[in-house]
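Peer 1: Below is the file final_15.cif, which contains mmCIF, C-alpha atoms.
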data_data
#
loop_
_atom_site.group_PDB
_atom_site.id
_atom_site.type_symbol
_atom_site.label_atom_id
_atom_site.label_comp_id
_atom_site.auth_asym_id
_atom_site.auth_seq_id
_atom_site.Cartn_x
_atom_site.Cartn_y
_atom_site.Cartn_z
ATOM 1 C CA MET I 1 0.000 0.000 0.000
ATOM 2 C CA ALA I 2 1.391 3.411 -0.967
ATOM 3 C CA GLU I 3 2.132 6.001 1.683
ATOM 4 C CA PRO I 4 -0.450 8.806 1.830
ATOM 5 C CA THR I 5 0.687 12.049 0.251
ATOM 6 C CA LYS I 6 -1.586 14.423 2.142
ATOM 7 C CA PRO I 7 -3.295 14.434 5.519
ATOM 8 C CA ILE I 8 -6.921 13.493 6.089
ATOM 9 C CA GLY I 9 -8.913 15.606 8.515
ATOM 10 C CA THR I 10 -8.500 19.043 10.020
ATOM 11 C CA LEU I 11 -5.236 20.475 11.298
ATOM 12 C CA THR I 12 -5.846 20.544 15.043
ATOM 13 C CA LEU I 13 -2.402 20.979 16.618
ATOM 14 C CA ARG I 14 1.115 22.008 15.540
ATOM 15 C CA THR I 15 4.262 21.937 17.640
ATOM 16 C CA VAL I 16 8.033 21.686 17.269
ATOM 17 C CA ALA I 17 9.948 18.616 18.427
ATOM 18 C CA MET I 18 12.568 19.746 20.926
ATOM 19 C CA PRO I 19 15.774 18.098 22.253
ATOM 20 C CA ALA I 20 14.172 17.379 25.650
ATOM 21 C CA ASP I 21 11.699 15.082 23.866
ATOM 22 C CA ALA I 22 14.391 12.979 22.155
ATOM 23 C CA ASN I 23 16.589 9.984 22.836
ATOM 24 C CA PRO I 24 20.409 10.230 22.448
ATOM 25 C CA ALA I 25 20.122 9.417 18.708
ATOM 26 C CA GLY I 26 17.913 12.464 18.107
ATOM 27 C CA ASP I 27 14.687 10.530 17.570
ATOM 28 C CA ILE I 28 11.636 11.907 19.355
ATOM 29 C CA PHE I 29 10.029 9.533 21.853
ATOM 30 C CA GLY I 30 6.920 7.777 20.546
ATOM 31 C CA GLY I 31 5.148 8.616 23.794
ATOM 32 C CA TRP I 32 5.616 12.331 23.093
ATOM 33 C CA VAL I 33 4.105 11.938 19.619
ATOM 34 C CA MET I 34 1.210 9.961 21.082
ATOM 35 C CA ALA I 35 0.658 12.649 23.735
ATOM 36 C CA GLN I 36 0.367 15.302 21.008
ATOM 37 C CA MET I 37 -2.172 13.123 19.198
ATOM 38 C CA ASP I 38 -4.101 12.697 22.452
ATOM 39 C CA LEU I 39 -4.147 16.483 22.984
ATOM 40 C CA ALA I 40 -5.463 17.016 19.447
ATOM 41 C CA SER I 41 -8.131 14.343 19.977
ATOM 42 C CA GLY I 42 -9.224 16.065 23.162
ATOM 43 C CA ILE I 43 -9.472 19.452 21.434
ATOM 44 C CA CYS I 44 -11.555 18.097 18.556
ATOM 45 C CA ALA I 45 -13.798 15.880 20.709
ATOM 46 C CA SER I 46 -14.462 18.503 23.390
ATOM 47 C CA GLU I 47 -15.468 21.040 20.746
ATOM 48 C CA ARG I 48 -17.926 18.509 19.287
ATOM 49 C CA ALA I 49 -19.222 17.295 22.673
ATOM 50 C CA LYS I 50 -19.342 20.787 24.178
ATOM 51 C CA ALA I 51 -18.043 19.098 27.329
ATOM 52 C CA ARG I 52 -14.940 17.793 29.019
ATOM 53 C CA VAL I 53 -13.655 14.597 27.415
ATOM 54 C CA VAL I 54 -11.251 11.861 28.428
ATOM 55 C CA THR I 55 -9.405 9.240 26.431
ATOM 56 C CA ALA I 56 -11.110 5.862 26.708
ATOM 57 C CA ALA I 57 -9.000 3.924 24.187
ATOM 58 C CA VAL I 58 -6.354 4.170 21.502
ATOM 59 C CA LYS I 59 -6.429 1.571 18.754
ATOM 60 C CA GLU I 60 -4.513 0.594 15.635
ATOM 61 C CA MET I 61 -1.439 2.753 16.027
ATOM 62 C CA ALA I 62 1.971 2.026 14.498
ATOM 63 C CA PHE I 63 4.943 4.286 13.867
ATOM 64 C CA ALA I 64 6.079 4.355 10.229
ATOM 65 C CA LEU I 65 8.815 7.003 10.498
ATOM 66 C CA PRO I 66 10.723 8.767 13.262
ATOM 67 C CA VAL I 67 10.223 12.381 14.243
ATOM 68 C CA LYS I 68 13.532 14.244 14.551
ATOM 69 C CA ILE I 69 14.589 17.196 16.682
ATOM 70 C CA GLY I 70 13.489 20.380 14.933
ATOM 71 C CA ASP I 71 10.660 18.784 12.959
ATOM 72 C CA THR I 72 7.277 20.464 13.042
ATOM 73 C CA LEU I 73 4.678 17.903 14.098
ATOM 74 C CA SER I 74 1.202 18.532 12.677
ATOM 75 C CA VAL I 75 -1.717 16.511 14.017
ATOM 76 C CA TYR I 76 -4.899 16.126 11.979
ATOM 77 C CA THR I 77 -8.198 14.862 13.378
ATOM 78 C CA GLN I 78 -11.392 13.634 11.798
ATOM 79 C CA ILE I 79 -14.502 12.481 13.652
ATOM 80 C CA GLU I 80 -15.471 9.036 12.373
ATOM 81 C CA ARG I 81 -18.356 8.203 14.688
ATOM 82 C CA VAL I 82 -20.396 9.830 17.425
ATOM 83 C CA GLY I 83 -21.995 7.453 19.893
ATOM 84 C CA ARG I 84 -24.226 8.250 22.836
ATOM 85 C CA THR I 85 -21.349 9.383 25.110
ATOM 86 C CA SER I 86 -18.299 8.653 22.949
ATOM 87 C CA ILE I 87 -16.583 10.100 19.919
ATOM 88 C CA THR I 88 -14.288 8.024 17.698
ATOM 89 C CA LEU I 89 -11.626 9.950 15.798
ATOM 90 C CA SER I 90 -9.059 9.134 13.144
ATOM 91 C CA VAL I 91 -5.844 10.931 14.035
ATOM 92 C CA GLU I 92 -2.766 11.392 11.850
ATOM 93 C CA ALA I 93 0.619 12.822 12.821
ATOM 94 C CA TRP I 94 2.753 14.366 10.070
ATOM 95 C CA ALA I 95 6.317 15.633 10.405
ATOM 96 C CA THR I 96 7.708 18.498 8.365
ATOM 97 C CA ARG I 97 11.464 18.134 8.266
ATOM 98 C CA ALA I 98 13.198 21.300 9.443
ATOM 99 C CA ARG I 99 15.429 21.696 6.416
ATOM 100 C CA TYR I 100 13.289 20.218 3.647
ATOM 101 C CA ASN I 101 9.625 21.255 3.889
ATOM 102 C CA ASP I 102 8.469 17.728 3.013
ATOM 103 C CA MET I 103 5.509 16.479 5.042
ATOM 104 C CA LEU I 104 5.723 12.796 5.940
ATOM 105 C CA ARG I 105 3.125 10.746 7.769
ATOM 106 C CA VAL I 106 4.695 9.458 10.968
ATOM 107 C CA THR I 107 1.780 7.552 12.447
ATOM 108 C CA ALA I 108 -1.992 7.310 12.542
ATOM 109 C CA GLY I 109 -4.426 5.857 15.009
ATOM 110 C CA THR I 110 -7.969 5.655 16.224
ATOM 111 C CA PHE I 111 -8.768 7.487 19.465
ATOM 112 C CA ILE I 112 -11.997 7.002 21.407
ATOM 113 C CA MET I 113 -12.971 9.866 23.688
ATOM 114 C CA VAL I 114 -15.814 9.927 26.239
ATOM 115 C CA ALA I 115 -17.729 13.066 27.225
ATOM 116 C CA LEU I 116 -18.052 13.732 30.956
ATOM 117 C CA ASP I 117 -20.373 15.936 32.999
ATOM 118 C CA GLU I 118 -19.335 18.146 35.929
ATOM 119 C CA LYS I 119 -19.379 15.124 38.272
ATOM 120 C CA GLY I 120 -17.029 13.133 36.036
ATOM 121 C CA GLN I 121 -19.757 10.790 34.784
ATOM 122 C CA PRO I 122 -20.313 9.943 31.095
ATOM 123 C CA THR I 123 -22.739 12.380 29.519
ATOM 124 C CA PRO I 124 -24.553 12.273 26.169
ATOM 125 C CA VAL I 125 -22.921 14.013 23.225
ATOM 126 C CA PRO I 126 -25.446 16.499 21.825
ATOM 127 C CA ALA I 127 -26.794 16.095 18.302
ATOM 128 C CA GLU I 128 -25.276 18.583 15.890
#
Just give me the structure of the file as structure tokens.

Peer 2:
Amino acid sequence: MAEPTKPIGTLTLRTVAMPADANPAGDIFGGWVMAQMDLASGICASERAKARVVTAAVKEMAFALPVKIGDTLSVYTQIERVGRTSITLSVEAWATRARYNDMLRVTAGTFIMVALDEKGQPTPVPAE
């Protein structure tokens, strides 16, 4: 299967990979990339739910390429399904190499977020 050439979804978060987020070889930790994807999922889902959301699950995620120090990481989100209290999103992380301006897909995954009320209990996601 060919690598995608452009992101799917809406640009939700952009950040720069810094040395503190890297191993000694200059590769950014996968956990840092996943955290950025989780932040983007939370932004998108909370805007749709009009409520606080939490991550319930992350599925089908594999790293295809490393992120390097100095890369700009762009995270794209797309809502795939809205359940009664949950929102399922497709999330893609793309790296723009500091010196080249090429965007490369680093990883993609499915994030499931749950809307919560003020008491921390699951709450229905409103119809659009």

Peer 1: With a distance cut-off of 12 Å and all atoms listed in the file, select the neighbouring residues of Ala49 (chain I), excluding the residue or stretch itself and same-chain residues fewer than 4 positions from it, and output the selection as an MDAnalysis selection string.

Peer 2: chainID I and resid 41:45 53:54 79 82:88 113:117 122:128

Peer 1: Name every residue that the PyMOL selection byres ((chain I and resi 61-70) around 6) selects in this structure, writing the answer as an mmCIF file with C-alpha atoms, keeping the file's coordinate frame with chains first and numbers rising.

Peer 2:
data_model
loop_
_atom_site.group_PDB
_atom_site.id
_atom_site.type_symbol
_atom_site.label_atom_id
_atom_site.label_comp_id
_atom_site.auth_asym_id
_atom_site.auth_seq_id
_atom_site.Cartn_x
_atom_site.Cartn_y
_atom_site.Cartn_z
ATOM 1 C CA ALA I 17 9.948 18.616 18.427
ATOM 2 C CA MET I 18 12.568 19.746 20.926
ATOM 3 C CA PRO I 19 15.774 18.098 22.253
ATOM 4 C CA GLY I 26 17.913 12.464 18.107
ATOM 5 C CA ASP I 27 14.687 10.530 17.570
ATOM 6 C CA ILE I 28 11.636 11.907 19.355
ATOM 7 C CA LYS I 59 -6.429 1.571 18.754
ATOM 8 C CA GLU I 60 -4.513 0.594 15.635
ATOM 9 C CA ASP I 71 10.660 18.784 12.959
ATOM 10 C CA ALA I 98 13.198 21.300 9.443
ATOM 11 C CA VAL I 106 4.695 9.458 10.968
ATOM 12 C CA THR I 107 1.780 7.552 12.447
ATOM 13 C CA ALA I 108 -1.992 7.310 12.542
ATOM 14 C CA GLY I 109 -4.426 5.857 15.009
#

Peer 1: Could you work out how far CA of Arg52 (chain I) lies from CA of Asp21 (chain I), giving the answer in Å with one decimal?

Peer 2: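 Pair CA of Asp21 (chain I) / CA of Arg52 (chain I) returns 27.3 Å.
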
Peer 1: In Å, with one decimal, what is the gap from CA of Ala95 (chain I) to CA of Pro24 (chain I)?

Peer 2: 19.3 Å

Peer 1: Could you check which of I:Leu73, I:Val33, I:Met103, I:Ile8 is closest to Val91 (chain I), using only C-alpha atoms?

Peer 2: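 Comparing I:Leu73, I:Val33, I:Met103, I:Ile8 against Val91 (chain I), the winner is I:Ile8.
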
Peer 1: Can you sort out the box for region 93-107 of chain I, edges along x, y and z, all listed atoms in, 4 Å on every side, with centre and edge lengths in Å to one decimal, as JSON?

Peer 2:
{"center_x": 8.0, "center_y": 14.6, "center_z": 7.9, "size_x": 22.8, "size_y": 22.1, "size_z": 17.8}

Peer 1: Determine the nearest neighbour of Glu92 (chain I) from the options I:Arg14, I:Lys6, I:Arg105, I:Arg48, counting only C-alpha atoms.

Peer 2: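 With only C-alpha atoms as the atom set, the closest residue is I:Arg105.
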
Peer 1: Which is closer to Arg81 (chain I) than all the others in I:Ala57, I:Thr110, I:Gly120, I:Asn101, using all atoms listed in the file?

Peer 2: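 So, comparing all the options, the nearest one is I:Thr110.
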
Peer 1: Give the answer as one residue: which of I:Gly9, I:Phe29, I:Glu118, I:Glu3 has the shortest atom-to-atom distance to Glu80 (chain I), using all atoms listed in the file?

Peer 2: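 Smallest separation from Glu80 (chain I) among the options: I:Gly9.
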
Peer 1: Pick the closest to Asp102 (chain I) from I:Thr15, I:Asn23, I:Gln78, I:Thr72: which is it, counting all atoms listed in the file?

Peer 2: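 Smallest distance to Asp102 (chain I) is found for I:Thr72.
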
Peer 1: Rounded to one decimal place, report the CA of Thr55 (chain I)-CA of Ala22 (chain I) distance in Å.

Peer 2: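 Computed distance, CA of Thr55 (chain I) to CA of Ala22 (chain I), equals 24.5 Å.
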
Peer 1: For region 71-91 of chain I, which lacks atoms in the input, supply N, CA and C atoms and format the output as a PDB file, in the frame of the given file.

Peer 2:
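Saved the output as selection.pdb:
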ATOM      1  N   ASP I  71      11.809  18.995  13.843  1.00  0.00           N
ATOM      2  CA  ASP I  71      10.660  18.784  12.959  1.00  0.00           C
ATOM      3  C   ASP I  71       9.436  19.507  13.517  1.00  0.00           C
ATOM      4  N   THR I  72       8.576  19.967  12.630  1.00  0.00           N
ATOM      5  CA  THR I  72       7.277  20.464  13.042  1.00  0.00           C
ATOM      6  C   THR I  72       6.313  19.290  12.967  1.00  0.00           C
ATOM      7  N   LEU I  73       5.664  18.979  14.064  1.00  0.00           N
ATOM      8  CA  LEU I  73       4.678  17.903  14.098  1.00  0.00           C
ATOM      9  C   LEU I  73       3.297  18.524  13.941  1.00  0.00           C
ATOM     10  N   SER I  74       2.572  18.074  12.926  1.00  0.00           N
ATOM     11  CA  SER I  74       1.202  18.532  12.677  1.00  0.00           C
ATOM     12  C   SER I  74       0.270  17.361  12.898  1.00  0.00           C
ATOM     13  N   VAL I  75      -0.772  17.579  13.705  1.00  0.00           N
ATOM     14  CA  VAL I  75      -1.717  16.511  14.017  1.00  0.00           C
ATOM     15  C   VAL I  75      -3.076  16.873  13.431  1.00  0.00           C
ATOM     16  N   TYR I  76      -3.620  15.953  12.660  1.00  0.00           N
ATOM     17  CA  TYR I  76      -4.899  16.126  11.979  1.00  0.00           C
ATOM     18  C   TYR I  76      -5.918  15.184  12.591  1.00  0.00           C
ATOM     19  N   THR I  77      -7.147  15.681  12.788  1.00  0.00           N
ATOM     20  CA  THR I  77      -8.198  14.862  13.378  1.00  0.00           C
ATOM     21  C   THR I  77      -9.431  14.870  12.479  1.00  0.00           C
ATOM     22  N   GLN I  78     -10.126  13.755  12.526  1.00  0.00           N
ATOM     23  CA  GLN I  78     -11.392  13.634  11.798  1.00  0.00           C
ATOM     24  C   GLN I  78     -12.334  12.763  12.621  1.00  0.00           C
ATOM     25  N   ILE I  79     -13.518  13.268  12.901  1.00  0.00           N
ATOM     26  CA  ILE I  79     -14.502  12.481  13.652  1.00  0.00           C
ATOM     27  C   ILE I  79     -15.071  11.413  12.725  1.00  0.00           C
ATOM     28  N   GLU I  80     -14.979  10.166  13.165  1.00  0.00           N
ATOM     29  CA  GLU I  80     -15.471   9.036  12.373  1.00  0.00           C
ATOM     30  C   GLU I  80     -16.849   8.580  12.831  1.00  0.00           C
ATOM     31  N   ARG I  81     -17.086   8.696  14.151  1.00  0.00           N
ATOM     32  CA  ARG I  81     -18.356   8.203  14.688  1.00  0.00           C
ATOM     33  C   ARG I  81     -18.667   8.930  15.984  1.00  0.00           C
ATOM     34  N   VAL I  82     -19.931   9.256  16.163  1.00  0.00           N
ATOM     35  CA  VAL I  82     -20.396   9.830  17.425  1.00  0.00           C
ATOM     36  C   VAL I  82     -21.401   8.853  18.010  1.00  0.00           C
ATOM     37  N   GLY I  83     -21.082   8.345  19.192  1.00  0.00           N
ATOM     38  CA  GLY I  83     -21.995   7.453  19.893  1.00  0.00           C
ATOM     39  C   GLY I  83     -22.810   8.245  20.902  1.00  0.00           C
ATOM     40  N   ARG I  84     -23.419   7.556  21.838  1.00  0.00           N
ATOM     41  CA  ARG I  84     -24.226   8.250  22.836  1.00  0.00           C
ATOM     42  C   ARG I  84     -23.357   9.147  23.719  1.00  0.00           C
ATOM     43  N   THR I  85     -22.252   8.592  24.259  1.00  0.00           N
ATOM     44  CA  THR I  85     -21.349   9.383  25.110  1.00  0.00           C
ATOM     45  C   THR I  85     -19.925   9.426  24.570  1.00  0.00           C
ATOM     46  N   SER I  86     -19.671   8.747  23.458  1.00  0.00           N
ATOM     47  CA  SER I  86     -18.299   8.653  22.949  1.00  0.00           C
ATOM     48  C   SER I  86     -18.162   9.249  21.550  1.00  0.00           C
ATOM     49  N   ILE I  87     -16.939   9.595  21.237  1.00  0.00           N
ATOM     50  CA  ILE I  87     -16.583  10.100  19.919  1.00  0.00           C
ATOM     51  C   ILE I  87     -15.347   9.344  19.468  1.00  0.00           C
ATOM     52  N   THR I  88     -15.415   8.748  18.277  1.00  0.00           N
ATOM     53  CA  THR I  88     -14.288   8.024  17.698  1.00  0.00           C
ATOM     54  C   THR I  88     -13.657   8.900  16.631  1.00  0.00           C
ATOM     55  N   LEU I  89     -12.340   9.082  16.731  1.00  0.00           N
ATOM     56  CA  LEU I  89     -11.626   9.950  15.798  1.00  0.00           C
ATOM     57  C   LEU I  89     -10.491   9.207  15.105  1.00  0.00           C
ATOM     58  N   SER I  90     -10.281   9.526  13.842  1.00  0.00           N
ATOM     59  CA  SER I  90      -9.059   9.134  13.144  1.00  0.00           C
ATOM     60  C   SER I  90      -8.074  10.272  13.345  1.00  0.00           C
ATOM     61  N   VAL I  91      -6.860   9.920  13.733  1.00  0.00           N
ATOM     62  CA  VAL I  91      -5.844  10.931  14.035  1.00  0.00           C
ATOM     63  C   VAL I  91      -4.569  10.579  13.272  1.00  0.00           C
TER      64      VAL I  91
END
